[in-house]
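Okay, start-v8.tsv now, which holds TSV, C-alpha atoms:
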```tsv
chain	number	residue	atom	x	y	z
A	30	MET	CA	98.75	-56.05	234.02
A	31	GLN	CA	96.95	-52.81	233.10
A	32	LEU	CA	96.84	-51.78	236.77
A	33	PHE	CA	100.57	-52.53	237.13
A	34	MET	CA	101.39	-50.45	234.04
A	35	LYS	CA	99.32	-47.54	235.35
A	36	MET	CA	101.20	-47.65	238.67
A	37	VAL	CA	104.54	-47.66	236.85
A	38	CYS	CA	103.44	-44.72	234.70
A	39	LEU	CA	102.36	-42.78	237.79
A	40	GLN	CA	105.74	-43.37	239.40
A	41	LEU	CA	107.51	-42.15	236.29
A	42	ILE	CA	105.27	-39.08	236.11
A	43	TYR	CA	106.10	-38.00	239.62
A	44	ARG	CA	109.82	-38.49	239.11
A	45	LYS	CA	109.71	-35.90	236.37
A	46	PRO	CA	110.04	-32.16	236.98
A	47	MET	CA	106.93	-30.15	237.70
A	48	LEU	CA	104.11	-30.78	235.25
A	49	ILE	CA	103.11	-27.72	233.22
A	50	PHE	CA	100.16	-27.82	230.83
A	51	ASN	CA	99.41	-25.09	228.30
A	52	THR	CA	96.18	-26.49	226.89
A	53	GLN	CA	93.00	-27.59	228.56
A	54	ASN	CA	92.90	-30.85	226.58
A	55	GLU	CA	96.31	-31.91	227.87
A	56	LEU	CA	95.41	-30.99	231.45
A	57	VAL	CA	92.07	-32.80	231.37
A	58	SER	CA	93.67	-35.92	229.88
A	59	HIS	CA	96.29	-35.97	232.62
A	60	LEU	CA	93.78	-35.40	235.44
A	61	ASN	CA	91.55	-38.17	234.09
A	62	PHE	CA	94.52	-40.53	233.95
A	63	VAL	CA	95.78	-39.94	237.50
A	64	SER	CA	92.38	-39.64	239.20
A	65	ASN	CA	90.08	-42.25	240.70
A	66	ALA	CA	86.90	-42.28	242.76
A	67	THR	CA	88.68	-41.12	245.92
A	68	THR	CA	90.84	-38.40	244.35
A	69	THR	CA	90.28	-34.84	245.52
A	70	ILE	CA	91.55	-31.92	243.47
A	71	GLY	CA	92.41	-28.54	244.94
A	72	LEU	CA	92.53	-25.55	242.59
A	73	VAL	CA	94.26	-22.23	243.23
A	74	PRO	CA	93.33	-19.79	240.44
A	75	THR	CA	95.88	-16.97	239.95
A	76	MET	CA	96.96	-14.40	237.41
A	77	GLY	CA	100.60	-15.09	238.15
A	78	ALA	CA	103.15	-12.67	239.65
A	79	LEU	CA	102.98	-14.98	242.65
A	80	HIS	CA	103.78	-13.84	246.18
A	81	LEU	CA	103.67	-15.41	249.65
A	82	GLY	CA	99.90	-14.96	249.77
A	83	HIS	CA	99.49	-17.23	246.74
A	84	LEU	CA	101.94	-19.74	248.20
A	85	SER	CA	99.94	-19.86	251.43
A	86	LEU	CA	96.89	-20.87	249.37
A	87	LEU	CA	98.91	-23.63	247.73
A	88	LEU	CA	100.07	-24.91	251.12
A	89	GLU	CA	96.47	-24.99	252.32
A	90	ALA	CA	95.39	-26.87	249.20
A	91	LEU	CA	98.22	-29.41	249.57
A	92	GLN	CA	97.11	-30.26	253.10
A	93	HIS	CA	93.58	-31.22	252.08
A	94	ASN	CA	93.70	-32.64	248.55
A	95	THR	CA	95.19	-35.56	246.62
A	96	LEU	CA	96.14	-33.33	243.68
A	97	VAL	CA	96.71	-29.59	243.51
A	98	VAL	CA	96.41	-27.46	240.37
A	99	VAL	CA	97.47	-23.82	240.16
A	100	SER	CA	96.31	-21.83	237.16
A	101	ILE	CA	98.42	-18.93	235.90
A	102	PHE	CA	96.38	-16.87	233.47
A	103	VAL	CA	96.06	-13.11	233.05
A	104	ASN	CA	92.38	-12.87	232.21
A	105	PRO	CA	91.63	-10.06	229.72
A	106	THR	CA	87.87	-9.97	230.29
A	107	GLN	CA	88.17	-8.71	233.87
A	108	PHE	CA	90.20	-5.62	232.95
A	109	ASN	CA	88.11	-2.56	232.14
A	110	ASN	CA	91.32	-0.55	231.67
A	111	PRO	CA	93.49	-1.75	228.72
A	112	GLU	CA	96.53	0.03	230.18
A	113	ASP	CA	96.15	-1.90	233.44
A	114	LEU	CA	96.01	-5.16	231.48
A	115	ALA	CA	99.13	-4.24	229.51
A	116	LYS	CA	101.06	-3.36	232.67
A	117	TYR	CA	100.03	-6.43	234.63
A	118	PRO	CA	103.24	-8.37	235.42
A	119	ARG	CA	103.80	-11.63	233.57
A	120	THR	CA	106.50	-13.59	235.37
A	121	LEU	CA	105.91	-17.25	234.56
A	122	GLU	CA	109.51	-18.44	235.02
A	123	GLN	CA	109.80	-16.77	238.44
A	124	ASP	CA	106.36	-18.11	239.38
A	125	LEU	CA	107.42	-21.68	238.58
A	126	GLU	CA	110.51	-21.34	240.78
A	127	LYS	CA	108.35	-20.12	243.67
A	128	ILE	CA	105.92	-23.01	243.23
A	129	LYS	CA	108.82	-25.48	243.31
A	130	THR	CA	109.75	-24.24	246.79
A	131	ILE	CA	106.35	-25.50	247.96
A	132	SER	CA	106.13	-28.78	246.02
A	133	GLU	CA	107.14	-30.04	242.60
A	134	LYS	CA	104.00	-32.18	242.56
A	135	ILE	CA	101.81	-29.13	242.08
A	136	ILE	CA	100.32	-29.17	238.58
A	137	VAL	CA	100.60	-25.89	236.68
A	138	PHE	CA	98.00	-24.83	234.13
A	139	ALA	CA	99.26	-21.87	232.08
A	140	PRO	CA	97.00	-21.63	229.02
A	141	SER	CA	96.80	-19.03	226.28
A	142	VAL	CA	93.87	-16.65	225.88
A	143	ASN	CA	92.85	-18.50	222.72
A	144	ASP	CA	92.88	-21.87	224.49
A	145	ILE	CA	90.63	-20.60	227.28
A	146	TYR	CA	88.23	-18.54	225.19
A	147	GLU	CA	88.48	-20.55	221.97
A	148	GLY	CA	88.58	-17.47	219.76
A	149	LYS	CA	85.73	-15.63	221.54
A	150	THR	CA	87.29	-13.43	224.20
A	151	MET	CA	84.06	-12.27	225.77
A	152	ALA	CA	82.65	-12.26	229.30
A	153	GLN	CA	79.51	-14.20	230.13
A	154	HIS	CA	76.61	-12.34	231.72
A	155	PHE	CA	75.68	-13.28	235.30
A	156	ASP	CA	72.99	-12.14	237.71
A	157	PHE	CA	74.86	-11.73	240.98
A	158	ASP	CA	71.86	-10.24	242.83
A	159	GLY	CA	73.51	-6.83	243.01
A	160	LEU	CA	76.75	-8.01	244.63
A	161	GLU	CA	78.61	-6.76	241.56
A	162	ASN	CA	77.30	-3.20	241.87
A	163	GLN	CA	79.12	-2.24	245.08
A	164	MET	CA	82.69	-1.05	245.67
A	165	GLU	CA	84.84	-2.59	242.92
A	166	GLY	CA	81.84	-2.89	240.63
A	167	LYS	CA	81.20	0.85	240.73
A	168	PHE	CA	84.70	1.70	239.59
A	169	ARG	CA	85.47	-1.29	237.37
A	170	PRO	CA	82.44	-1.88	235.13
A	171	GLY	CA	82.23	-5.41	233.78
A	172	HIS	CA	85.03	-6.60	236.07
A	173	PHE	CA	83.02	-9.22	237.93
A	174	GLU	CA	81.44	-10.68	234.83
A	175	GLY	CA	85.00	-11.27	233.61
A	176	VAL	CA	85.91	-12.84	236.95
A	177	GLY	CA	82.82	-15.03	236.94
A	178	THR	CA	83.53	-16.11	233.36
A	179	ILE	CA	87.13	-17.21	233.92
A	180	VAL	CA	86.52	-18.89	237.28
A	181	LYS	CA	83.55	-20.81	235.88
A	182	ARG	CA	85.68	-21.84	232.90
A	183	LEU	CA	88.50	-23.06	235.17
A	184	PHE	CA	86.03	-24.99	237.32
A	185	GLU	CA	84.61	-26.69	234.21
A	186	ILE	CA	88.08	-27.64	232.98
A	187	VAL	CA	89.73	-28.75	236.25
A	188	GLN	CA	86.60	-30.10	238.00
A	189	PRO	CA	88.08	-29.27	241.43
A	190	THR	CA	86.77	-30.61	244.71
A	191	ASN	CA	87.95	-27.46	246.48
A	192	ALA	CA	89.00	-24.03	245.22
A	193	TYR	CA	91.03	-21.58	247.30
A	194	PHE	CA	90.77	-17.78	247.36
A	195	GLY	CA	92.25	-15.09	249.60
A	196	GLU	CA	89.99	-12.79	251.62
A	197	LYS	CA	91.78	-9.65	250.36
A	198	ASP	CA	89.41	-9.85	247.39
A	199	PHE	CA	86.41	-10.42	249.65
A	200	GLN	CA	83.88	-9.00	247.22
A	201	GLN	CA	85.25	-11.31	244.54
A	202	LEU	CA	84.95	-14.20	247.00
A	203	GLN	CA	81.25	-13.47	247.53
A	204	ILE	CA	80.74	-13.12	243.77
A	205	ILE	CA	82.34	-16.52	243.14
A	206	LYS	CA	80.21	-18.17	245.81
A	207	LYS	CA	77.12	-16.70	244.15
A	208	MET	CA	78.31	-17.87	240.70
A	209	VAL	CA	78.75	-21.42	242.01
A	210	GLN	CA	75.27	-21.29	243.51
A	211	ILE	CA	73.47	-20.06	240.40
A	212	THR	CA	75.35	-22.38	238.03
A	213	ASN	CA	75.03	-25.45	240.30
A	214	LEU	CA	78.73	-26.25	240.06
A	215	SER	CA	79.96	-28.90	242.49
A	216	VAL	CA	82.96	-27.24	244.16
A	217	ASN	CA	83.70	-26.08	247.70
A	218	ILE	CA	84.91	-22.47	247.90
A	219	ILE	CA	87.54	-22.13	250.61
A	220	SER	CA	88.37	-18.64	251.87
A	221	CYS	CA	91.83	-18.06	253.36
A	222	PRO	CA	93.10	-15.19	255.55
A	223	ILE	CA	94.89	-12.19	254.05
A	224	PHE	CA	98.65	-12.60	253.97
A	225	ARG	CA	100.36	-9.34	254.92
A	226	GLU	CA	103.80	-7.83	254.68
A	227	GLN	CA	105.59	-6.94	257.93
A	228	ASN	CA	104.17	-3.42	257.90
A	229	GLY	CA	100.61	-4.70	257.45
A	230	LEU	CA	100.26	-3.99	253.72
A	231	ALA	CA	98.14	-6.70	252.12
A	232	MET	CA	100.28	-8.76	249.76
A	233	SER	CA	99.46	-8.14	246.12
A	234	SER	CA	101.15	-8.58	242.76
A	235	ARG	CA	100.80	-4.80	242.34
A	236	ASN	CA	103.05	-4.19	245.35
A	237	GLU	CA	106.01	-5.05	243.13
A	238	ARG	CA	105.36	-1.88	241.16
A	239	LEU	CA	105.78	0.31	244.26
A	240	THR	CA	109.08	1.92	245.15
A	241	LYS	CA	110.60	0.95	248.49
A	242	ASN	CA	109.45	4.26	249.98
A	243	GLU	CA	105.92	3.90	248.58
A	244	ARG	CA	105.73	0.37	249.93
A	245	ASN	CA	106.65	1.58	253.40
A	246	GLU	CA	104.21	4.47	253.28
A	247	ALA	CA	101.40	2.19	252.04
A	248	ALA	CA	101.28	0.75	255.57
A	249	ILE	CA	98.84	3.62	256.23
A	250	ILE	CA	96.13	1.63	254.42
A	251	PHE	CA	95.97	-1.21	256.94
A	252	LYS	CA	96.65	1.15	259.84
A	253	THR	CA	93.60	3.18	258.82
A	254	LEU	CA	91.48	0.04	258.59
A	255	LEU	CA	92.52	-0.96	262.11
A	256	GLN	CA	91.64	2.51	263.39
A	257	SER	CA	88.28	2.30	261.64
A	258	LYS	CA	87.55	-1.05	263.27
A	259	ASN	CA	88.23	0.45	266.68
A	260	LEU	CA	86.09	3.51	265.95
A	261	PHE	CA	83.21	1.32	264.79
A	262	LYS	CA	82.59	0.35	268.43
A	263	THR	CA	81.37	3.83	269.27
A	264	ARG	CA	80.90	5.83	266.07
A	265	SER	CA	78.64	5.75	263.03
A	266	SER	CA	79.70	4.58	259.58
A	267	ASN	CA	79.32	8.11	258.28
A	268	ARG	CA	81.71	9.58	260.86
A	269	ILE	CA	84.25	6.83	260.24
A	270	THR	CA	84.09	7.42	256.48
A	271	LYS	CA	84.79	11.13	257.02
A	272	PHE	CA	87.76	10.19	259.21
A	273	VAL	CA	89.19	7.96	256.46
A	274	ILE	CA	88.67	10.58	253.75
A	275	LYS	CA	90.47	13.18	255.85
A	276	THR	CA	93.32	10.76	256.58
A	277	PHE	CA	94.11	10.31	252.88
A	278	GLU	CA	93.54	13.95	251.98
A	279	ASN	CA	96.62	14.65	254.08
A	280	LYS	CA	98.76	11.96	252.41
A	281	LYS	CA	100.85	13.08	249.47
A	282	ASN	CA	100.87	10.66	246.50
A	283	PHE	CA	97.81	8.83	247.89
A	284	ASP	CA	94.38	9.05	246.25
A	285	LEU	CA	91.44	7.38	248.02
A	286	GLU	CA	89.08	5.86	245.45
A	287	TYR	CA	86.55	4.51	247.94
A	288	PHE	CA	86.04	3.46	251.53
A	289	GLN	CA	82.89	1.60	252.48
A	290	ILE	CA	81.58	-0.24	255.52
A	291	ALA	CA	79.23	-2.94	254.29
A	292	ASP	CA	77.18	-5.95	255.29
A	293	GLU	CA	79.35	-9.01	254.60
A	294	SER	CA	76.49	-10.96	253.03
A	295	SER	CA	74.75	-8.40	250.82
A	296	LEU	CA	77.74	-6.02	250.49
A	297	LEU	CA	75.26	-3.16	250.90
A	298	PRO	CA	76.55	-0.09	252.75
A	299	CYS	CA	76.01	0.05	256.50
A	300	VAL	CA	73.60	2.94	257.13
A	301	ARG	CA	72.67	2.00	260.68
A	302	LYS	CA	74.34	-0.73	262.73
A	303	ASN	CA	72.46	-3.97	263.27
A	304	LYS	CA	73.80	-6.33	265.96
A	305	THR	CA	72.59	-9.36	264.00
A	306	LYS	CA	74.76	-8.55	260.96
A	307	LYS	CA	78.46	-8.91	260.24
A	308	TYR	CA	80.21	-5.86	258.85
A	309	ARG	CA	83.42	-5.35	256.93
A	310	ALA	CA	85.33	-2.31	255.70
A	311	PHE	CA	86.55	-2.13	252.11
A	312	ILE	CA	89.09	0.32	250.72
A	313	ALA	CA	90.78	1.12	247.41
A	314	VAL	CA	93.69	3.56	247.22
A	315	PHE	CA	95.93	4.73	244.40
A	316	VAL	CA	99.59	5.16	245.31
A	317	ASN	CA	101.09	7.12	242.40
A	318	ASN	CA	98.56	5.49	240.02
A	319	ILE	CA	99.09	1.97	241.40
A	320	ARG	CA	95.77	0.69	242.69
A	321	LEU	CA	95.73	-1.21	245.99
A	322	ILE	CA	92.75	-2.75	247.79
A	323	ASP	CA	92.28	-4.10	251.30
A	324	THR	CA	89.55	-5.15	253.70
A	325	ILE	CA	89.01	-5.96	257.36
A	326	SER	CA	86.23	-7.64	259.30
A	327	PHE	CA	84.61	-5.52	262.01
A	328	ASN	CA	83.32	-8.59	263.91
```
Is it possible to give me this structure as structure tokens?
Amino acid sequence: MQLFMKMVCLQLIYRKPMLIFNTQNELVSHLNFVSNATTTIGLVPTMGALHLGHLSLLLEALQHNTLVVVSIFVNPTQFNNPEDLAKYPRTLEQDLEKIKTISEKIIVFAPSVNDIYEGKTMAQHFDFDGLENQMEGKFRPGHFEGVGTIVKRLFEIVQPTNAYFGEKDFQQLQIIKKMVQITNLSVNIISCPIFREQNGLAMSSRNERLTKNERNEAAIIFKTLLQSKNLFKTRSSNRITKFVIKTFENKKNFDLEYFQIADESSLLPCVRKNKTKKYRAFIAVFVNNIRLIDTISFN
């Protein structure tokens, strides 16, 4: 009788509109109720302002898991610039409509800051073996400790089998893998290809803040990465870096923050090429004060 009632309840649950939970206690109770020994849970952590890149992660998660959870949470501890945090788009209603186009069975977790941090909005300290000191870490102090803190918290709450992240934030991806390793969390980190606009610009929530003209001109970022990849066959990292710097010096309204060719594993700069290593280029550019990042594998 109990099994029958549980089956009836499950049927009723999935006839309802999309499930949205605003507290961790409610989400955990639901996941415990609908899960069994064979259930796999896929998690897609986001800060909202969803675009096709996020939806591609959800599609990937749906293909390989019994349940899929998407978190929508603008995490304050990973912003070193309060103005950037204030300007970050918060578009929950639009996000929910986009998720529905994929599947109404996706579970949405949209908690408050107080629910996640329980009154102590502070980042946890992690030893990432220096991964946090390169590229983004140089220009956004404390950013990756904030990232590690929120992702660890989400993993503890959702207990996912698999978690999905886009390769645009490749440094973040490596940081999360290291965090999982040092904390002994049982979750598979799945990396997914960068989803790009028609002109090659990597999809990002920040793209929505660009004007139509800026968005078109921002195609130069990916174009430059492709040129750098081609040059890497015959030229040194130093010469390629000079080429990139010169490219953006000649672009009005563009301000190159950094360009770096690095070892994919250690994220250390490539000083001299080593055929046994995999390399990747990383770039951050301001377009009229809107910060965009991108990356490309050289292998």
message: Nearest residue to Phe251 in chain A out of A:Arg119, A:His83, A:Lys206, A:Lys197, using all atoms listed in the file?
response: A:Lys197
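Taking only C-alpha atoms, the non-local environment of Met151 in chain A within 12 Å (same-chain residues fewer than 3 positions away omitted) comprises Asn104, Pro105, Thr106, Gln107, Phe108, Val142, Asn143, Ile145, Tyr146, Glu147, Gly148, His154, Gly171, His172, Glu174, Gly175, Val176, Gly177, Thr178 and Ile179 of chain A.
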- prompt: Between CA of Glu293 in chain A and CA of Lys307 in chain A, what is the distance, to one decimal in Å?
  reply: 5.7 Å
Write out as a PDB file with C-alpha atoms, keeping the file's coordinate frame the residues lying within 8 Å of Asp124 in chain A, counting all atoms listed in the file and excluding same-chain residues fewer than 5 positions away.
```pdb
ATOM      1  CA  GLY A  77     100.600 -15.090 238.150  1.00  0.00           C
ATOM      2  CA  ALA A  78     103.150 -12.670 239.650  1.00  0.00           C
ATOM      3  CA  LEU A  79     102.980 -14.980 242.650  1.00  0.00           C
TER       4      LEU A  79
END
```
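The spacing separating CA of His93 in chain A from CA of Glu185 in chain A amounts to 20.5 Å.
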- request: Return the single residue from A:Val316, A:Ile204, A:Arg235, A:Leu87 that is closest to Leu114 in chain A, with distances computed using only C-alpha atoms.
  value: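 Looking only at the distances to Leu114 in chain A, the closest residue turns out to be A:Arg235.
Remark: for Ile218 in chain A, the closest of the candidate residues A:Leu96, A:Pro74, A:Glu133, A:Glu55 is A:Pro74 (distances computed over all atoms listed in the file).
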field: Coordinates-based distance that separates CA of Leu88 in chain A from CA of Leu121 in chain A (Å, one decimal)
entry: 19.2 Å
field: Closest of A:Gln256, A:Ser64, A:Thr150, A:Phe199 to Met164 in chain A - atom-to-atom distances counting all atoms listed in the file
entry: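 Ranked by minimum distance to Met164 in chain A, first place goes to A:Phe199.
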